[in-house]
file structure.cif (mmCIF, C-alpha atoms)
data_query
#
loop_
_atom_site.label_atom_id
_atom_site.label_comp_id
_atom_site.auth_asym_id
_atom_site.auth_seq_id
_atom_site.Cartn_x
_atom_site.Cartn_y
_atom_site.Cartn_z
CA LYS A 1 0.00 0.00 0.00
CA MET A 2 3.03 2.30 0.21
CA ASN A 3 3.87 4.64 -2.63
CA LYS A 4 6.82 3.09 -4.48
CA LYS A 5 8.07 6.49 -5.64
CA GLY A 6 10.95 7.53 -3.41
CA LEU A 7 11.25 4.09 -1.82
CA GLN A 8 14.91 3.27 -2.44
CA ALA A 9 15.45 0.11 -0.39
CA LEU A 10 14.03 -2.14 2.33
CA VAL A 11 15.84 -3.29 5.45
CA LEU A 12 13.73 -5.85 7.34
CA ILE A 13 14.16 -7.17 10.87
CA HIS A 14 12.57 -10.53 10.02
CA GLY A 15 11.85 -12.57 6.91
CA GLY A 16 13.79 -14.37 4.20
CA GLN A 17 14.05 -14.81 0.45
CA THR A 18 10.61 -16.44 0.17
CA THR A 19 8.79 -13.88 2.34
CA HIS A 20 6.07 -12.33 0.17
CA SER A 21 7.21 -8.75 0.92
CA VAL A 22 10.69 -9.69 -0.35
CA ILE A 23 9.20 -11.27 -3.49
CA LEU A 24 7.21 -8.09 -4.14
CA ALA A 25 10.28 -5.91 -3.55
CA LYS A 26 12.21 -7.99 -6.09
CA ALA A 27 9.44 -7.46 -8.63
CA PHE A 28 9.74 -3.71 -8.06
CA LYS A 29 13.57 -3.85 -8.25
CA ILE A 30 13.88 -2.57 -4.68
CA PRO A 31 17.12 -3.74 -2.97
CA THR A 32 16.21 -5.67 0.18
CA VAL A 33 18.17 -7.04 3.13
CA THR A 34 16.50 -9.17 5.83
CA ARG A 35 17.25 -10.24 9.41
CA THR A 36 19.03 -7.09 10.53
CA LYS A 37 17.97 -6.88 14.21
CA GLU A 38 21.10 -4.98 15.24
CA LEU A 39 20.37 -2.15 12.81
CA LEU A 40 17.75 -0.68 15.16
CA ASP A 41 20.52 -0.06 17.69
CA ILE A 42 22.86 1.50 15.14
CA ALA A 43 20.85 3.58 12.63
CA LYS A 44 18.70 6.60 13.33
CA ASN A 45 16.66 9.12 11.32
CA GLY A 46 18.88 11.29 9.15
CA ASP A 47 21.66 8.70 8.72
CA PHE A 48 22.95 7.96 5.21
CA ILE A 49 22.58 4.27 4.43
CA ILE A 50 23.75 2.05 1.58
CA VAL A 51 21.74 -1.15 1.16
CA ASP A 52 23.49 -3.87 -0.85
CA GLY A 53 20.75 -6.34 -1.80
CA ASN A 54 23.26 -8.58 -3.61
CA SER A 55 25.57 -9.27 -0.67
CA GLY A 56 23.07 -8.59 2.13
CA ILE A 57 25.23 -5.86 3.70
CA VAL A 58 23.96 -2.56 5.10
CA PHE A 59 26.36 0.38 5.57
CA VAL A 60 25.36 3.13 8.01
CA ASN A 61 27.12 6.46 7.35
CA PRO A 62 29.78 4.81 5.15
CA SER A 63 33.17 6.32 4.44
CA LYS A 64 33.77 8.30 1.25
CA GLU A 65 35.74 5.36 -0.18
CA ILE A 66 32.81 2.95 0.27
CA TYR A 67 30.38 5.54 -1.10
CA ASN A 68 32.52 6.08 -4.23
CA GLU A 69 32.91 2.33 -4.75
CA TYR A 70 29.14 1.77 -4.67
CA GLU A 71 28.60 4.65 -7.05
CA ARG A 72 31.00 2.92 -9.44
CA LEU A 73 29.27 -0.46 -8.97
CA GLN A 74 25.88 1.13 -9.61
CA LYS A 75 27.06 2.67 -12.88
CA GLU A 76 28.64 -0.64 -13.95
CA GLN A 77 25.43 -2.53 -13.25
CA LYS A 78 23.35 -0.01 -15.19
CA SER A 79 25.75 -0.25 -18.14
CA LEU A 80 25.63 -4.05 -18.10
CA GLU A 81 21.81 -4.08 -17.92
CA ASP A 82 21.56 -1.69 -20.86
CA LYS A 83 23.93 -3.89 -22.87
CA LEU A 84 22.05 -7.10 -22.10
CA LEU A 85 18.65 -5.53 -22.63
CA SER A 86 19.36 -4.96 -26.30
CA SER A 87 19.42 -8.74 -26.88
CA ALA A 88 16.86 -9.77 -24.25
CA ALA A 89 14.08 -10.33 -26.78
CA LEU A 90 16.17 -12.73 -28.89
CA PRO A 91 15.40 -16.47 -28.64
CA ALA A 92 17.32 -18.22 -25.83
CA LYS A 93 19.61 -20.80 -27.45
CA THR A 94 22.63 -22.80 -26.40
CA ARG A 95 25.76 -22.76 -28.57
CA ASP A 96 24.63 -25.97 -30.27
CA GLU A 97 21.32 -24.27 -31.21
CA GLU A 98 19.17 -25.98 -28.56
CA ARG A 99 16.15 -23.72 -27.92
CA LEU A 100 15.31 -22.94 -24.30
CA ASN A 101 11.98 -21.59 -23.07
CA ILE A 102 12.40 -19.00 -20.34
CA GLY A 103 9.55 -18.39 -17.90
CA ALA A 104 8.91 -15.42 -15.62
CA ASN A 105 7.11 -15.33 -12.29
CA ILE A 106 4.80 -12.36 -11.69
CA ALA A 107 2.85 -10.98 -8.75
CA LEU A 108 1.25 -7.88 -10.26
CA LEU A 109 -0.33 -6.91 -13.55
CA SER A 110 2.43 -4.33 -14.04
CA ASP A 111 5.03 -7.14 -13.96
CA LEU A 112 3.91 -8.15 -17.47
CA GLU A 113 5.83 -5.16 -18.84
CA LEU A 114 9.01 -6.83 -17.58
CA VAL A 115 7.95 -10.19 -19.06
CA VAL A 116 7.77 -8.54 -22.49
CA THR A 117 10.86 -6.34 -21.98
CA TYR A 118 13.10 -9.21 -20.92
CA GLY A 119 11.80 -11.60 -23.56
CA ALA A 120 10.25 -14.35 -21.42
CA ASP A 121 8.48 -17.10 -23.37
CA PHE A 122 5.74 -17.77 -20.82
CA VAL A 123 4.46 -16.78 -17.38
CA GLY A 124 5.73 -19.58 -15.18
CA LEU A 125 3.71 -18.49 -12.18
CA TYR A 126 1.14 -15.80 -11.50
CA ARG A 127 0.73 -15.40 -7.73
CA SER A 128 -3.01 -14.80 -7.56
CA GLU A 129 -3.02 -14.08 -3.82
CA PHE A 130 -1.73 -10.51 -4.07
CA PRO A 131 -5.10 -9.01 -5.13
CA PHE A 132 -6.59 -10.84 -2.13
CA LEU A 133 -3.92 -9.44 0.21
CA ALA A 134 -4.42 -5.86 -0.95
CA ARG A 135 -8.16 -5.81 -0.18
CA ASN A 136 -10.48 -5.74 2.83
CA SER A 137 -12.67 -8.57 1.53
CA PHE A 138 -12.57 -11.42 -0.99
CA PRO A 139 -12.67 -10.15 -4.59
CA SER A 140 -15.73 -11.27 -6.52
CA GLU A 141 -15.67 -13.76 -9.38
CA GLU A 142 -16.23 -10.93 -11.86
CA GLU A 143 -13.34 -8.87 -10.45
CA GLN A 144 -11.03 -11.87 -10.65
CA PHE A 145 -12.21 -12.71 -14.16
CA LYS A 146 -11.38 -9.19 -15.40
CA LEU A 147 -7.93 -9.32 -13.78
CA TYR A 148 -7.05 -12.78 -15.13
CA THR A 149 -8.32 -11.83 -18.57
CA SER A 150 -6.09 -8.73 -18.56
CA ILE A 151 -3.10 -10.87 -17.62
CA VAL A 152 -3.80 -13.46 -20.33
CA GLU A 153 -4.36 -10.77 -22.99
CA GLN A 154 -1.30 -8.73 -22.02
CA ALA A 155 0.83 -11.88 -22.02
CA LYS A 156 0.39 -11.70 -25.82
CA ASN A 157 -0.08 -15.39 -26.67
CA ARG A 158 2.35 -16.56 -23.99
CA PRO A 159 1.10 -19.46 -21.83
CA VAL A 160 0.12 -18.33 -18.32
CA ASN A 161 0.29 -20.52 -15.21
CA ILE A 162 -2.12 -19.19 -12.58
CA ARG A 163 -1.57 -20.41 -9.03
CA THR A 164 -4.72 -20.55 -6.94
CA LEU A 165 -4.94 -18.70 -3.63
CA ASP A 166 -1.78 -19.32 -1.58
CA VAL A 167 -2.24 -17.69 1.81
CA GLY A 168 -1.27 -18.72 5.32
CA GLY A 169 2.27 -19.02 6.63
CA ASP A 170 3.63 -15.46 6.29
CA LYS A 171 0.75 -14.29 4.06
CA PHE A 172 -2.27 -13.38 6.15
CA LEU A 173 -5.60 -12.11 4.91
CA PRO A 174 -6.78 -9.43 7.37
CA TYR A 175 -10.39 -10.48 6.83
CA LEU A 176 -9.80 -14.23 7.32
CA ASP A 177 -10.01 -15.61 10.85
CA ALA A 178 -7.02 -17.96 10.76
CA PRO A 179 -6.18 -20.26 13.71
CA GLN A 180 -3.02 -19.76 15.77
CA GLU A 181 -0.65 -22.64 14.94
CA ASP A 182 2.78 -23.69 16.17
CA ASN A 183 3.94 -24.13 12.56
CA PRO A 184 1.61 -22.15 10.27
CA ALA A 185 3.79 -22.91 7.21
CA LEU A 186 2.68 -26.56 7.39
CA GLY A 187 -0.82 -26.08 8.76
CA TRP A 188 -4.01 -24.43 7.53
CA ARG A 189 -2.81 -22.74 4.36
CA SER A 190 -2.93 -22.74 0.58
CA ILE A 191 -5.01 -25.54 -0.94
CA ARG A 192 -6.38 -26.62 2.47
CA ILE A 193 -7.87 -23.15 2.95
CA SER A 194 -9.31 -23.23 -0.56
CA LEU A 195 -10.93 -26.62 -0.09
CA GLU A 196 -12.49 -25.52 3.21
CA LEU A 197 -13.68 -22.20 1.77
CA GLU A 198 -15.18 -24.06 -1.17
CA THR A 199 -17.47 -21.25 -2.36
CA ILE A 200 -14.49 -18.86 -2.64
CA PHE A 201 -12.44 -21.59 -4.33
CA ARG A 202 -15.17 -22.27 -6.90
CA GLU A 203 -15.43 -18.55 -7.70
CA GLN A 204 -11.69 -18.37 -8.37
CA LEU A 205 -11.75 -21.49 -10.54
CA ARG A 206 -14.69 -20.16 -12.59
CA ALA A 207 -12.86 -16.85 -13.08
CA ILE A 208 -9.73 -18.68 -14.29
CA LEU A 209 -11.73 -20.96 -16.59
CA ARG A 210 -13.59 -18.01 -18.11
CA ALA A 211 -10.29 -16.17 -18.69
CA SER A 212 -8.86 -19.26 -20.41
CA LYS A 213 -11.01 -18.43 -23.45
CA TYR A 214 -8.59 -15.56 -24.18
CA GLY A 215 -5.32 -17.50 -24.19
CA GLU A 216 -3.46 -20.59 -23.00
CA VAL A 217 -3.99 -20.95 -19.26
CA ARG A 218 -2.73 -23.60 -16.85
CA ILE A 219 -3.65 -23.95 -13.18
CA LEU A 220 -1.20 -24.65 -10.37
CA PHE A 221 -2.47 -25.72 -6.94
CA PRO A 222 -0.11 -24.89 -4.04
CA MET A 223 1.05 -27.06 -1.13
CA ILE A 224 -0.59 -30.37 -2.06
CA THR A 225 -0.01 -32.96 0.68
CA ALA A 226 -2.34 -35.87 -0.24
CA VAL A 227 -3.80 -37.61 -3.27
CA SER A 228 -7.26 -37.02 -1.80
CA GLU A 229 -6.77 -33.27 -2.31
CA ILE A 230 -6.11 -33.85 -6.02
CA HIS A 231 -9.29 -35.93 -6.31
CA SER A 232 -11.32 -33.20 -4.58
CA ILE A 233 -9.85 -30.49 -6.82
CA ARG A 234 -10.57 -32.44 -10.03
CA ASN A 235 -14.14 -33.15 -8.97
CA ILE A 236 -14.78 -29.48 -8.21
CA LEU A 237 -13.15 -28.44 -11.48
CA LYS A 238 -15.25 -30.86 -13.51
CA GLU A 239 -18.42 -29.56 -11.87
CA GLU A 240 -17.51 -25.93 -12.61
CA ILE A 241 -16.57 -26.78 -16.22
CA LYS A 242 -19.94 -28.48 -16.63
CA TYR A 243 -21.72 -25.48 -15.10
CA LEU A 244 -19.92 -22.95 -17.33
CA SER A 245 -20.40 -25.05 -20.46
CA LYS A 246 -24.14 -25.16 -19.82
CA SER A 247 -24.49 -21.46 -19.07
CA GLY A 248 -22.20 -20.13 -21.83
CA ASP A 249 -21.92 -20.46 -25.58
CA THR A 250 -18.36 -21.80 -25.52
CA PRO A 251 -17.51 -25.30 -24.21
CA TYR A 252 -14.73 -25.56 -21.63
CA SER A 253 -12.24 -28.37 -21.20
CA LEU A 254 -10.15 -29.48 -18.23
CA PRO A 255 -7.00 -27.31 -18.31
CA ALA A 256 -3.48 -28.55 -17.62
CA LEU A 257 -3.02 -29.00 -13.87
CA GLY A 258 0.13 -28.57 -11.82
#
call {"tool": "encode", "arguments": {"input": "structure.cif", "output": "structure tokens"}}
result
Amino acid sequence: KMNKKGLQALVLIHGGQTTHSVILAKAFKIPTVTRTKELLDIAKNGDFIIVDGNSGIVFVNPSKEIYNEYERLQKEQKSLEDKLLSSAALPAKTRDEERLNIGANIALLSDLELVVTYGADFVGLYRSEFPFLARNSFPSEEEQFKLYTSIVEQAKNRPVNIRTLDVGGDKFLPYLDAPQEDNPALGWRSIRISLELETIFREQLRAILRASKYGEVRILFPMITAVSEIHSIRNILKEEIKYLSKSGDTPYSLPALG
């Protein structure tokens, strides 16, 4: 919810590389360093700070030598990016002409600009939970349908893998009454939440299925722990496909599942 303009870097007390705030920061190209508890005792308002997201080092009021070195590194990185960007849209091939398909993970609709800019061949993962996290209530089927359709259309004929709602662990919905667990990463989260909140799950599946009319869509279900969950998912999917096929003028088929 913060304005990205002017936000130069993030230094977090907790978290890790898979924390959703870190994933978002990476999408926005915001340098981020995590687990810096001692920084609260060292830094204060008005200090000049260099945040090195590559090495995970934070400099508070660095010397002129360190400042000049990071200025040089910043210019070098910008020059290298500009050089590589000119060939980013070319097909990815090995020296013996083997073609490689490069996928890109996205969290926001705006990330699709980077998918096109950097020449990705497909969207390997769209994290559908971020629109849920940014709201005060569950988005409706129609709102989700419009968003997924925009993603599929802006992907410009690239296959899109949409992951169903993946919350729990470090991703909490403020409007969802989640239980307190000793290990929330392995407890009530992801597909188990979806299967319990079946009405919400069905709405998301219908929205994805409807959007699949506008491009190649695949569905990925997160944190599967038992074969019974796969059976439940397929049964629900088949029912929603049957419902949509009856109510619409275009027949639906079971999409690729992951």
call {"tool": "closest_residue", "arguments": {"input": "structure.cif", "among": "A:Gln17, A:Ser212, A:Ser245, A:Asn61", "to": "Thr149 (chain A)", "atoms": "only C-alpha atoms"}}
result
A:Ser212
call {"tool": "atom_distance", "arguments": {"input": "structure.cif", "atom1": "CA of Arg192 (chain A)", "atom2": "CA of Phe221 (chain A)"}}
result
10.2 Å
call {"tool": "residues_around", "arguments": {"input": "structure.cif", "residues": "Arg35 (chain A)", "least_positions_apart": "5", "cutoff": "9 Å", "atoms": "only C-alpha atoms", "output": "MDAnalysis selection string"}}
result
chainID A and resid 11:16
call {"tool": "closest_atom_pairs", "arguments": {"input": "structure.cif", "of": "region 140-256 of chain A", "to": "region 102-121 of chain A", "cutoff": "12 Å", "atoms": "all atoms listed in the file", "output": "JSON lines"}}
result
{"residue": "A:Lys146", "atom": "CA", "partner": "A:Leu109", "partner_atom": "CA", "distance": 11.4}
{"residue": "A:Leu147", "atom": "CA", "partner": "A:Leu109", "partner_atom": "CA", "distance": 8.0}
{"residue": "A:Tyr148", "atom": "CA", "partner": "A:Leu109", "partner_atom": "CA", "distance": 9.1}
{"residue": "A:Thr149", "atom": "CA", "partner": "A:Leu109", "partner_atom": "CA", "distance": 10.6}
{"residue": "A:Ser150", "atom": "CA", "partner": "A:Leu109", "partner_atom": "CA", "distance": 7.8}
{"residue": "A:Ile151", "atom": "CA", "partner": "A:Leu109", "partner_atom": "CA", "distance": 6.3}
{"residue": "A:Val152", "atom": "CA", "partner": "A:Leu112", "partner_atom": "CA", "distance": 9.8}
{"residue": "A:Glu153", "atom": "CA", "partner": "A:Leu112", "partner_atom": "CA", "distance": 10.3}
{"residue": "A:Gln154", "atom": "CA", "partner": "A:Leu112", "partner_atom": "CA", "distance": 6.9}
{"residue": "A:Ala155", "atom": "CA", "partner": "A:Leu112", "partner_atom": "CA", "distance": 6.6}
{"residue": "A:Lys156", "atom": "CA", "partner": "A:Val116", "partner_atom": "CA", "distance": 8.7}
{"residue": "A:Asn157", "atom": "CA", "partner": "A:Asp121", "partner_atom": "CA", "distance": 9.3}
{"residue": "A:Arg158", "atom": "CA", "partner": "A:Asp121", "partner_atom": "CA", "distance": 6.2}
{"residue": "A:Pro159", "atom": "CA", "partner": "A:Asp121", "partner_atom": "CA", "distance": 7.9}
{"residue": "A:Val160", "atom": "CA", "partner": "A:Gly103", "partner_atom": "CA", "distance": 9.4}
{"residue": "A:Asn161", "atom": "CA", "partner": "A:Asn105", "partner_atom": "CA", "distance": 9.1}
{"residue": "A:Ile162", "atom": "CA", "partner": "A:Ile106", "partner_atom": "CA", "distance": 9.8}
{"residue": "A:Arg163", "atom": "CA", "partner": "A:Ala107", "partner_atom": "CA", "distance": 10.4}
{"residue": "A:Asp166", "atom": "CA", "partner": "A:Ala107", "partner_atom": "CA", "distance": 11.9}
call {"tool": "write_last_selection", "arguments": {"input": "structure.cif", "atoms": "C-alpha atoms", "output": "PDB file, in the frame of the given file"}}
result
ATOM      1  CA  LYS A 146     -11.380  -9.190 -15.400  1.00  0.00           C
ATOM      2  CA  LEU A 147      -7.930  -9.320 -13.780  1.00  0.00           C
ATOM      3  CA  TYR A 148      -7.050 -12.780 -15.130  1.00  0.00           C
ATOM      4  CA  THR A 149      -8.320 -11.830 -18.570  1.00  0.00           C
ATOM      5  CA  SER A 150      -6.090  -8.730 -18.560  1.00  0.00           C
ATOM      6  CA  ILE A 151      -3.100 -10.870 -17.620  1.00  0.00           C
ATOM      7  CA  VAL A 152      -3.800 -13.460 -20.330  1.00  0.00           C
ATOM      8  CA  GLU A 153      -4.360 -10.770 -22.990  1.00  0.00           C
ATOM      9  CA  GLN A 154      -1.300  -8.730 -22.020  1.00  0.00           C
ATOM     10  CA  ALA A 155       0.830 -11.880 -22.020  1.00  0.00           C
ATOM     11  CA  LYS A 156       0.390 -11.700 -25.820  1.00  0.00           C
ATOM     12  CA  ASN A 157      -0.080 -15.390 -26.670  1.00  0.00           C
ATOM     13  CA  ARG A 158       2.350 -16.560 -23.990  1.00  0.00           C
ATOM     14  CA  PRO A 159       1.100 -19.460 -21.830  1.00  0.00           C
ATOM     15  CA  VAL A 160       0.120 -18.330 -18.320  1.00  0.00           C
ATOM     16  CA  ASN A 161       0.290 -20.520 -15.210  1.00  0.00           C
ATOM     17  CA  ILE A 162      -2.120 -19.190 -12.580  1.00  0.00           C
ATOM     18  CA  ARG A 163      -1.570 -20.410  -9.030  1.00  0.00           C
ATOM     19  CA  ASP A 166      -1.780 -19.320  -1.580  1.00  0.00           C
TER      20      ASP A 166
END
call {"tool": "closest_residue", "arguments": {"input": "structure.cif", "among": "A:Glu71, A:Ser190, A:Asn54, A:Phe122", "to": "Gly215 (chain A)", "atoms": "all atoms listed in the file"}}
result
A:Phe122
call {"tool": "closest_residue", "arguments": {"input": "structure.cif", "among": "A:Asn136, A:Asn101, A:Ser232, A:Ser87", "to": "Leu195 (chain A)", "atoms": "all atoms listed in the file"}}
result
A:Ser232
call {"tool": "atom_distance", "arguments": {"input": "structure.cif", "atom1": "CA of Arg206 (chain A)", "atom2": "CA of Phe138 (chain A)"}}
result
14.7 Å
call {"tool": "closest_residue", "arguments": {"input": "structure.cif", "among": "A:Ile224, A:Val58, A:Ile219, A:Leu125", "to": "Leu39 (chain A)", "atoms": "all atoms listed in the file"}}
result
A:Val58
call {"tool": "residues_around", "arguments": {"input": "structure.cif", "residues": "Ser55 (chain A)", "least_positions_apart": "3", "cutoff": "12 Å", "atoms": "all atoms listed in the file", "output": "PyMOL selection string"}}
result
chain A and resi 31-34+50-52+58-59
call {"tool": "residues_near_point", "arguments": {"input": "structure.cif", "point": "(1.8, -12.5, 0.6)", "cutoff": "12 Å", "atoms": "all atoms listed in the file", "output": "PyMOL selection string"}}
result
chain A and resi 15+18-25+107-108+127-134+165-174+189-190
call {"tool": "axis_aligned_box", "arguments": {"input": "structure.cif", "around": "region 218-228 of chain A", "padding_each_side": "4 Å", "output": "JSON"}}
result
{"center_x": -3.1, "center_y": -30.6, "center_z": -8.1, "size_x": 16.3, "size_y": 22.0, "size_z": 25.5}
call {"tool": "atom_distance", "arguments": {"input": "structure.cif", "atom1": "CA of Leu209 (chain A)", "atom2": "CA of Leu237 (chain A)"}}
result
9.2 Å
call {"tool": "resolve_selection", "arguments": {"input": "structure.cif", "expression": "the PyMOL selection byres ((chain A and resi 7) around 12)", "output": "list in words"}}
result
Met2, Asn3, Lys4, Lys5, Gly6, Gln8, Ala9, Leu10, Val11, Ala25, Phe28, Lys29, Ile30, Pro31 and Thr32 of chain A
call {"tool": "residues_around", "arguments": {"input": "structure.cif", "residues": "region 200-202 of chain A", "least_positions_apart": "2", "cutoff": "10 Å", "atoms": "only C-alpha atoms", "output": "list in words"}}
result
Phe138, Pro139, Ser140, Glu141, Thr164, Leu165, Ile191, Ile193, Ser194, Leu195, Glu196, Leu197, Glu198, Gln204, Leu205, Arg206, Ala207, Ile208, Ile233, Ile236, Leu237, Glu239 and Glu240 of chain A
call {"tool": "closest_residue", "arguments": {"input": "structure.cif", "among": "A:Gln144, A:Gln77, A:Asn45, A:Thr36", "to": "Glu203 (chain A)", "atoms": "all atoms listed in the file"}}
result
A:Gln144
call {"tool": "closest_residue", "arguments": {"input": "structure.cif", "among": "A:Leu244, A:Leu40, A:Met223, A:Val217", "to": "Gly124 (chain A)", "atoms": "only C-alpha atoms"}}
result
A:Val217
